[in-house]
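Enquirer: Handing you this structure, nothing more for now.
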Amino acid sequence: MRKVILICLSLMCGLSSWSQTKQESVIIPEEQFSVFGCTLDDKPAVVVANSSLRKFKSKNVFGWTCSLVIDFKETAENNMPTKEEFDFVLNYFEQLDSVIRGDKNHPNALFLARVTWNGTFEAIWQVNNPEIVSQYLQSIIDDKTYPREMDYRIEKDSKWKKVKWYLQKFPTNTKTEL
C-alpha cells in the first residue's frame, strides 16, 4: 500500500469567503485486477476491474467518475475488436491513462475498470481534480489528435455509486489476478 498526501481546497464561509489548504493522508492500495466476461444487452463483454478498490476508504477524495469511451474501427464477431485493433486501442489507452493518473506518488486519478463491449472500449477512473482531466481530454478532442473517435464524461460521485457495479459484479470464484 502507498500512503499519499493530497492537497484539498475547502472553502470556509463566514463574513467573507476564503480558501484554506487542507492535507489529507490517503492510503492507495496496490492494484489487483480481476478479469471477467459477462453479457450486456445480449452482447458479450470483457471487464477488467481494479478489485483492490473494493474496500478503498477515502472515496470522497477521488469523488469524481471519469468515463472515456473509444470506438473501435475494426471489429469481428459480436462487434468485438480484432486482435490488432484491440492492441492499438489498448496502447493508446495506456498513454492516456498515464497522463490522467498523473504523478505515481500523488495520483490525481485511480484506474477503476475498463470494458470491451459492442464495438467500444470504455475506461473508468475515480478522479480527485476533474478540471485537470477534463482539460486534458478536451484538448485532445478540440485538437483532433485522437486516433479513434472518443468521448468522455465526468460526474460527481463522492460515494462511488455510479461505479458500484464494477466493484461488486464479478464473481470471486472467477477472479484472475494479473
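Letters A, B, ... mark the chains of the C-alpha cells in the order given; residue numbers begin at 1 per chain; ligand numbers begin at 1, in order shown.
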Give the alpha helix (DSSP H) residues of range 25-113 of chain A, as DSSP finds them on the backbone, and put them as number ranges by chain.

Expert: A: 83-101

Enquirer: Kindly provide the residues of range 87-113 of chain A that approach range 144-161 of chain A to within 10 Å, each paired with its closest atom pair and their distance in Å to one decimal, based on only C-alpha atoms, listed by chain and increasing number, as a Markdown table.

Expert:
```
| residue | atom | partner | partner_atom | distance |
| --- | --- | --- | --- | --- |
| A:Phe88 | CA | A:Pro147 | CA | 9.4 |
| A:Val89 | CA | A:Arg148 | CA | 8.0 |
| A:Tyr92 | CA | A:Pro147 | CA | 8.2 |
```

Enquirer: So that I have them on file, write out the residues from the current selection with C-alpha atoms, as a PDB file, in the first residue's frame.

Expert:
```pdb
ATOM      1  CA  PHE A  88      -3.839  -0.487 -30.932  1.00  0.00           C
ATOM      2  CA  VAL A  89      -6.597   0.961 -28.720  1.00  0.00           C
ATOM      3  CA  TYR A  92      -3.495   4.444 -26.856  1.00  0.00           C
TER       4      TYR A  92
END
```

Enquirer: So that I can see what lies close to Phe121 in chain A, please list as a list in words the residues with an atom at most 6 Å from it, counting only C-alpha atoms and leaving out residues fewer than 5 positions away in the same chain.

Expert: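 Those residues are Val69, Ile70, Val115 and Thr116 of chain A.
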
Enquirer: Suppose we keep all heavy atoms; can you now write the selection as a compact mmCIF listing (two decimals), in the first residue's frame?

Expert:
```txt
# COMPACT_ATOMS: atom_id res chain seq x y z
N VAL A 69 -14.96 6.73 -23.53
CA VAL A 69 -15.36 5.70 -24.48
C VAL A 69 -14.63 5.94 -25.79
O VAL A 69 -14.69 7.04 -26.35
CB VAL A 69 -16.89 5.69 -24.70
CG1 VAL A 69 -17.28 4.65 -25.74
CG2 VAL A 69 -17.61 5.42 -23.38
N ILE A 70 -13.97 4.88 -26.26
CA ILE A 70 -13.25 4.92 -27.54
C ILE A 70 -13.93 3.91 -28.47
O ILE A 70 -14.17 2.76 -28.08
CB ILE A 70 -11.76 4.55 -27.36
CG1 ILE A 70 -11.08 5.52 -26.38
CG2 ILE A 70 -11.05 4.53 -28.71
CD1 ILE A 70 -9.66 5.13 -26.00
N VAL A 115 -13.94 -1.74 -19.99
CA VAL A 115 -14.92 -2.65 -20.54
C VAL A 115 -14.80 -2.65 -22.06
O VAL A 115 -14.84 -1.59 -22.69
CB VAL A 115 -16.36 -2.23 -20.16
CG1 VAL A 115 -17.38 -3.21 -20.72
CG2 VAL A 115 -16.50 -2.08 -18.66
N THR A 116 -14.65 -3.85 -22.63
CA THR A 116 -14.66 -4.01 -24.08
C THR A 116 -16.01 -4.62 -24.43
O THR A 116 -16.34 -5.72 -23.97
CB THR A 116 -13.51 -4.93 -24.54
OG1 THR A 116 -12.28 -4.37 -24.08
CG2 THR A 116 -13.49 -5.07 -26.05
```

Enquirer: Select, from A:Gln95, A:Thr75, A:Ser134, A:Gln32, the residue with the minimum atom-to-atom distance to Gly119 in chain A, counting only C-alpha atoms.

Expert: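 Ranking A:Gln95, A:Thr75, A:Ser134, A:Gln32 by distance to Gly119 in chain A, first place goes to A:Thr75.
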
Enquirer: Report as a ChimeraX atom specification all protein, DNA and RNA residues lying within 9 Å of Val127 in chain A, evaluated on only C-alpha atoms, omitting residues in the same chain fewer than 6 positions from it.

Expert: /A:61-66,100-101,107-111,133,154

Enquirer: To one decimal place, how far is CA of Lys59 in chain A from CA of Leu112 in chain A in Å?

Expert: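 Here the two named atoms are 11.9 Å from each other.
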
Enquirer: I'd like to know which residues of chain A are strand (DSSP E or B) (by DSSP, run on the backbone); could you write them as a PyMOL selection string?

Expert: chain A and resi 2-12+18-28+33-40+43-50+64-71+75+81+109-117+120-127+150-156

Enquirer: Could you save the residues just selected, with C-alpha atoms, as an mmCIF file, in the first residue's frame?

Expert:
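Output file out-v1.cif follows:
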```
data_model
loop_
_atom_site.group_PDB
_atom_site.id
_atom_site.type_symbol
_atom_site.label_atom_id
_atom_site.label_comp_id
_atom_site.auth_asym_id
_atom_site.auth_seq_id
_atom_site.Cartn_x
_atom_site.Cartn_y
_atom_site.Cartn_z
ATOM 1 C CA ARG A 2 1.116 3.524 -0.682
ATOM 2 C CA LYS A 3 0.422 6.469 1.544
ATOM 3 C CA VAL A 4 -0.394 9.616 -0.374
ATOM 4 C CA ILE A 5 -0.825 13.156 0.864
ATOM 5 C CA LEU A 6 -3.351 15.098 -1.188
ATOM 6 C CA ILE A 7 -3.914 18.802 -1.004
ATOM 7 C CA CYS A 8 -7.628 19.559 -0.974
ATOM 8 C CA LEU A 9 -9.069 23.038 -1.150
ATOM 9 C CA SER A 10 -12.022 23.753 1.050
ATOM 10 C CA LEU A 11 -13.978 26.967 1.247
ATOM 11 C CA MET A 12 -14.691 28.408 4.661
ATOM 12 C CA TRP A 18 -11.718 32.445 1.794
ATOM 13 C CA SER A 19 -9.957 29.178 0.993
ATOM 14 C CA GLN A 20 -7.818 27.132 3.281
ATOM 15 C CA THR A 21 -5.488 24.318 2.264
ATOM 16 C CA LYS A 22 -6.165 21.026 3.968
ATOM 17 C CA GLN A 23 -3.901 17.988 3.785
ATOM 18 C CA GLU A 24 -5.406 14.543 3.996
ATOM 19 C CA SER A 25 -3.438 11.320 4.253
ATOM 20 C CA VAL A 26 -4.771 8.635 1.906
ATOM 21 C CA ILE A 27 -3.639 5.029 1.593
ATOM 22 C CA ILE A 28 -3.771 3.835 -2.015
ATOM 23 C CA PHE A 33 -7.019 -6.736 -11.474
ATOM 24 C CA SER A 34 -9.920 -9.102 -11.893
ATOM 25 C CA VAL A 35 -10.982 -10.130 -15.377
ATOM 26 C CA PHE A 36 -14.433 -11.449 -16.155
ATOM 27 C CA GLY A 37 -16.743 -11.935 -19.064
ATOM 28 C CA CYS A 38 -20.426 -11.102 -18.994
ATOM 29 C CA THR A 39 -23.325 -10.219 -21.250
ATOM 30 C CA LEU A 40 -24.582 -6.643 -21.568
ATOM 31 C CA LYS A 43 -23.778 -8.891 -26.298
ATOM 32 C CA PRO A 44 -20.545 -10.293 -24.865
ATOM 33 C CA ALA A 45 -18.361 -8.006 -22.768
ATOM 34 C CA VAL A 46 -14.967 -8.353 -21.144
ATOM 35 C CA VAL A 47 -14.359 -6.351 -17.968
ATOM 36 C CA VAL A 48 -11.060 -5.666 -16.210
ATOM 37 C CA ALA A 49 -11.670 -4.188 -12.760
ATOM 38 C CA ASN A 50 -9.254 -2.943 -10.121
ATOM 39 C CA TRP A 64 -15.493 12.243 -9.466
ATOM 40 C CA THR A 65 -16.085 9.471 -12.014
ATOM 41 C CA CYS A 66 -14.476 9.862 -15.421
ATOM 42 C CA SER A 67 -15.734 7.581 -18.192
ATOM 43 C CA LEU A 68 -13.904 7.602 -21.526
ATOM 44 C CA VAL A 69 -15.362 5.697 -24.475
ATOM 45 C CA ILE A 70 -13.253 4.918 -27.542
ATOM 46 C CA ASP A 71 -14.867 3.440 -30.668
ATOM 47 C CA THR A 75 -14.484 -5.375 -35.288
ATOM 48 C CA PRO A 81 -12.450 -5.807 -31.824
ATOM 49 C CA ALA A 109 -6.933 9.539 -10.564
ATOM 50 C CA LEU A 110 -7.325 5.873 -9.689
ATOM 51 C CA PHE A 111 -7.961 3.422 -12.507
ATOM 52 C CA LEU A 112 -11.169 1.541 -11.696
ATOM 53 C CA ALA A 113 -12.157 -0.546 -14.733
ATOM 54 C CA ARG A 114 -12.232 -0.985 -18.468
ATOM 55 C CA VAL A 115 -14.922 -2.651 -20.543
ATOM 56 C CA THR A 116 -14.661 -4.005 -24.083
ATOM 57 C CA TRP A 117 -18.183 -4.319 -25.495
ATOM 58 C CA THR A 120 -16.337 0.190 -27.798
ATOM 59 C CA PHE A 121 -13.610 0.375 -25.192
ATOM 60 C CA GLU A 122 -14.682 2.181 -22.026
ATOM 61 C CA ALA A 123 -12.188 3.201 -19.338
ATOM 62 C CA ILE A 124 -13.257 4.425 -15.912
ATOM 63 C CA TRP A 125 -11.281 6.341 -13.317
ATOM 64 C CA GLN A 126 -12.136 7.891 -9.971
ATOM 65 C CA VAL A 127 -10.661 11.395 -10.012
ATOM 66 C CA MET A 150 -13.855 9.102 -28.488
ATOM 67 C CA ASP A 151 -15.923 10.909 -25.924
ATOM 68 C CA TYR A 152 -15.847 11.317 -22.177
ATOM 69 C CA ARG A 153 -17.934 12.474 -19.255
ATOM 70 C CA ILE A 154 -17.003 13.404 -15.709
ATOM 71 C CA GLU A 155 -19.607 13.321 -12.957
ATOM 72 C CA LYS A 156 -19.565 13.988 -9.228
#
```

Enquirer: Mind checking which residues fall within 9 Å of Arg54 in chain A, counting only C-alpha atoms, ignoring those fewer than 5 positions away in the same chain, and posting them as a ChimeraX atom specification?

Expert: /A:164,167-168

Enquirer: At what distance in Å, to one decimal, does CA of Lys162 in chain A lie from CA of Thr82 in chain A?

Expert: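 Straight-line distance from CA of Thr82 in chain A to CA of Lys162 in chain A works out to 29.5 Å.
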